[in-house]
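*Asks:* Pasting a structure below so you can have a look.
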Amino acid sequence: VPNVVMHYIAQDHIAHIQMVQFAQGVADQLKDAITQAKKLGATKIILDLRENPGGYLSEAVDTASEFLGSGNVLLEQDSTGQRTPYAVSGNTVDTADPIVVLVNGDTASAAEIVSGALQDNHRAIIMGEKTFGTGTVLEEYQLSDGSAILLGTHEWLTPDGCFIRNNGITPNKIVTLAKNGSPLTPNDENAGNMTEQQILSSGDNQLAAAIHYLETGSTAPVQST
């Protein structure tokens, strides 16, 4: 099952790319999707991390590194307060094209790492709703009776030192999904061969706001209910 799905909005040269979860190999799938989108003529990207529960830390680092030429993806802090930076991998794909990252309350873990990295490094505009807020490393410890406990041993912070646990990532632009709306996925768009106007009229006002931002470059706050 693909964890990266892309729909190309030809009218405005926008690639709408959804990452379903950070499973093994997802960074390579993203690279392939970006390459395909650029061949079609894409010059702007909507990276859709809504409903993404996270996954492997290494995939999050590799994903953020595709858009960042330098800097850190995250900081990892132990119980003594010692912080270890995770630098970008150097395997870049696109360090220049405009990016909007869509997030919501179910964006968690590795998806929050990517969102925080692109936000703190001023590489993307984060749009949508505040993320879930889970940023701990769990280690398994076996007990004598054959059971085990999972104990949090480290915490993840954004490159600027903001704790993800309990705080989440606050978008640059808060856009609350309309009451009767639901997230539109590239699978939906591909299946319906949807035009940009159909996408804008779908009821997914978060996706519509991202398209509008990439069209106009407007930095005015966006509030939708």
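A note on labels: chains of the structure tokens are A, B, ... as shown, every chain counts residues from 1, and ligands are counted from 1 in their shown order.
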Give the helix (DSSP H, G or I) residues of chain A, as assigned by DSSP on the backbone, as a PyMOL selection string.
*Replies:* chain A and resi 10-12+26-40+57-65+110-120+186-191+196-200+205-216
*Asks:* Can I get the selected residues back with C-alpha atoms, as a PDB file, in the first residue's frame?
*Replies:*
ATOM      1  CA  ALA A  10      -2.120  21.643 -13.501  1.00  0.00           C
ATOM      2  CA  GLN A  11      -3.857  25.031 -13.520  1.00  0.00           C
ATOM      3  CA  ASP A  12      -1.516  26.405 -10.865  1.00  0.00           C
ATOM      4  CA  VAL A  26       8.327   6.570   2.815  1.00  0.00           C
ATOM      5  CA  ALA A  27      11.057   9.185   2.240  1.00  0.00           C
ATOM      6  CA  ASP A  28      12.036   7.436  -0.990  1.00  0.00           C
ATOM      7  CA  GLN A  29       8.380   7.340  -2.036  1.00  0.00           C
ATOM      8  CA  LEU A  30       8.172  11.083  -1.407  1.00  0.00           C
ATOM      9  CA  LYS A  31      11.283  11.679  -3.506  1.00  0.00           C
ATOM     10  CA  ASP A  32       9.710   9.748  -6.383  1.00  0.00           C
ATOM     11  CA  ALA A  33       6.456  11.718  -6.063  1.00  0.00           C
ATOM     12  CA  ILE A  34       8.291  15.056  -6.124  1.00  0.00           C
ATOM     13  CA  THR A  35      10.318  13.972  -9.154  1.00  0.00           C
ATOM     14  CA  GLN A  36       7.149  12.915 -10.966  1.00  0.00           C
ATOM     15  CA  ALA A  37       5.417  16.174 -10.050  1.00  0.00           C
ATOM     16  CA  LYS A  38       8.291  18.267 -11.361  1.00  0.00           C
ATOM     17  CA  LYS A  39       8.235  16.376 -14.654  1.00  0.00           C
ATOM     18  CA  LEU A  40       4.566  17.355 -14.953  1.00  0.00           C
ATOM     19  CA  LEU A  57      12.289   8.753  13.272  1.00  0.00           C
ATOM     20  CA  SER A  58      14.798   8.010  10.493  1.00  0.00           C
ATOM     21  CA  GLU A  59      12.111   8.491   7.855  1.00  0.00           C
ATOM     22  CA  ALA A  60      11.151  11.836   9.402  1.00  0.00           C
ATOM     23  CA  VAL A  61      14.778  12.995   9.278  1.00  0.00           C
ATOM     24  CA  ASP A  62      15.147  11.869   5.662  1.00  0.00           C
ATOM     25  CA  THR A  63      11.849  13.504   4.691  1.00  0.00           C
ATOM     26  CA  ALA A  64      12.696  16.898   6.184  1.00  0.00           C
ATOM     27  CA  SER A  65      16.178  16.655   4.669  1.00  0.00           C
ATOM     28  CA  ALA A 110       7.249  11.845  13.214  1.00  0.00           C
ATOM     29  CA  ALA A 111       4.799  14.011  11.267  1.00  0.00           C
ATOM     30  CA  GLU A 112       5.217  16.682  13.947  1.00  0.00           C
ATOM     31  CA  ILE A 113       9.003  16.425  13.666  1.00  0.00           C
ATOM     32  CA  VAL A 114       8.817  17.171   9.937  1.00  0.00           C
ATOM     33  CA  SER A 115       6.350  20.022  10.470  1.00  0.00           C
ATOM     34  CA  GLY A 116       8.487  21.568  13.218  1.00  0.00           C
ATOM     35  CA  ALA A 117      11.678  21.208  11.204  1.00  0.00           C
ATOM     36  CA  LEU A 118      10.260  22.936   8.131  1.00  0.00           C
ATOM     37  CA  GLN A 119       8.681  25.649  10.288  1.00  0.00           C
ATOM     38  CA  ASP A 120      11.736  26.452  12.422  1.00  0.00           C
ATOM     39  CA  PRO A 186      -5.023  13.002  -3.657  1.00  0.00           C
ATOM     40  CA  ASN A 187      -6.653   9.569  -4.013  1.00  0.00           C
ATOM     41  CA  ASP A 188     -10.045  11.298  -4.068  1.00  0.00           C
ATOM     42  CA  GLU A 189      -8.789  13.853  -6.582  1.00  0.00           C
ATOM     43  CA  ASN A 190      -7.248  11.240  -8.848  1.00  0.00           C
ATOM     44  CA  ALA A 191     -10.286   8.955  -8.707  1.00  0.00           C
ATOM     45  CA  GLU A 196      -8.952  22.854  -9.359  1.00  0.00           C
ATOM     46  CA  GLN A 197     -12.406  24.427  -9.181  1.00  0.00           C
ATOM     47  CA  GLN A 198     -13.905  21.139  -8.015  1.00  0.00           C
ATOM     48  CA  ILE A 199     -11.204  20.878  -5.349  1.00  0.00           C
ATOM     49  CA  LEU A 200     -11.878  24.427  -4.160  1.00  0.00           C
ATOM     50  CA  ASN A 205     -11.383  24.722   3.208  1.00  0.00           C
ATOM     51  CA  GLN A 206      -7.923  23.878   4.598  1.00  0.00           C
ATOM     52  CA  LEU A 207      -6.767  22.582   1.223  1.00  0.00           C
ATOM     53  CA  ALA A 208      -8.474  25.542  -0.469  1.00  0.00           C
ATOM     54  CA  ALA A 209      -6.588  27.939   1.835  1.00  0.00           C
ATOM     55  CA  ALA A 210      -3.293  26.255   0.962  1.00  0.00           C
ATOM     56  CA  ILE A 211      -4.000  26.592  -2.765  1.00  0.00           C
ATOM     57  CA  HIS A 212      -4.969  30.241  -2.308  1.00  0.00           C
ATOM     58  CA  TYR A 213      -1.768  30.960  -0.401  1.00  0.00           C
ATOM     59  CA  LEU A 214       0.389  29.391  -3.091  1.00  0.00           C
ATOM     60  CA  GLU A 215      -1.523  31.290  -5.781  1.00  0.00           C
ATOM     61  CA  THR A 216      -1.330  34.713  -4.158  1.00  0.00           C
TER      62      THR A 216
END
*Asks:* With 10 Å as the cut-off and only C-alpha atoms counted, what is the closest atom pair between each nearby residue of segment 28-95 of chain A and segment 146-170 of chain A? Distances in Å to one decimal, ordered by chain and number, as a Markdown table.
*Replies:*
| residue | atom | partner | partner_atom | distance |
| --- | --- | --- | --- | --- |
| A:Gly71 | CA | A:Pro159 | CA | 8.2 |
| A:Asn72 | CA | A:Pro159 | CA | 5.8 |
| A:Val73 | CA | A:Pro159 | CA | 6.0 |
| A:Leu74 | CA | A:Pro159 | CA | 4.7 |
| A:Leu75 | CA | A:Leu157 | CA | 5.0 |
| A:Glu76 | CA | A:Trp156 | CA | 4.8 |
| A:Gln77 | CA | A:Glu155 | CA | 5.2 |
| A:Asp78 | CA | A:His154 | CA | 4.6 |
| A:Ser79 | CA | A:His154 | CA | 6.6 |
| A:Thr80 | CA | A:His154 | CA | 9.7 |
| A:Gly81 | CA | A:His154 | CA | 9.3 |
| A:Gln82 | CA | A:His154 | CA | 9.7 |
| A:Arg83 | CA | A:Leu157 | CA | 9.0 |
| A:Thr84 | CA | A:Trp156 | CA | 9.7 |
| A:Pro85 | CA | A:Pro159 | CA | 7.8 |
| A:Tyr86 | CA | A:Pro159 | CA | 8.7 |
| A:Ala87 | CA | A:Pro159 | CA | 9.4 |
*Asks:* Give the strand (DSSP E) residues of segment 107-215 of chain A, as DSSP finds them on the backbone, and put them as a PyMOL selection string.
*Replies:* chain A and resi 125-128+136-142+148-157+173-174
*Asks:* Give me, please, the distance in Å between atom CA of Thr43 of chain A and atom CA of Thr195 of chain A, quoted to one decimal.
*Replies:* 17.6 Å
*Asks:* My list of candidates is A:Leu143, A:Ala15, A:Leu138, A:Leu68. Which is closest to Leu47 of chain A when distances are computed with only C-alpha atoms?
*Replies:* A:Ala15
*Asks:* By how many Å are atom CA of Asn104 of chain A and atom CA of Ile14 of chain A apart?
*Replies:*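 If I compute the distance from atom CA of Asn104 of chain A to atom CA of Ile14 of chain A, I get 20.7 Å.
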*Asks:* In Å, with one decimal, what is the gap from atom CA of Glu139 of chain A to atom CA of Gln18 of chain A?
*Replies:*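 These two atoms are separated by 29.4 Å.
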*Asks:* Identify which of the residues A:His16, A:Ile126, A:Ser201, A:Ile9 lies closest to Gly41 of chain A, counting only C-alpha atoms when measuring atom-to-atom distances.
*Replies:*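 Between A:His16, A:Ile126, A:Ser201, A:Ile9, the residue approaching Gly41 of chain A most closely is A:Ile9.
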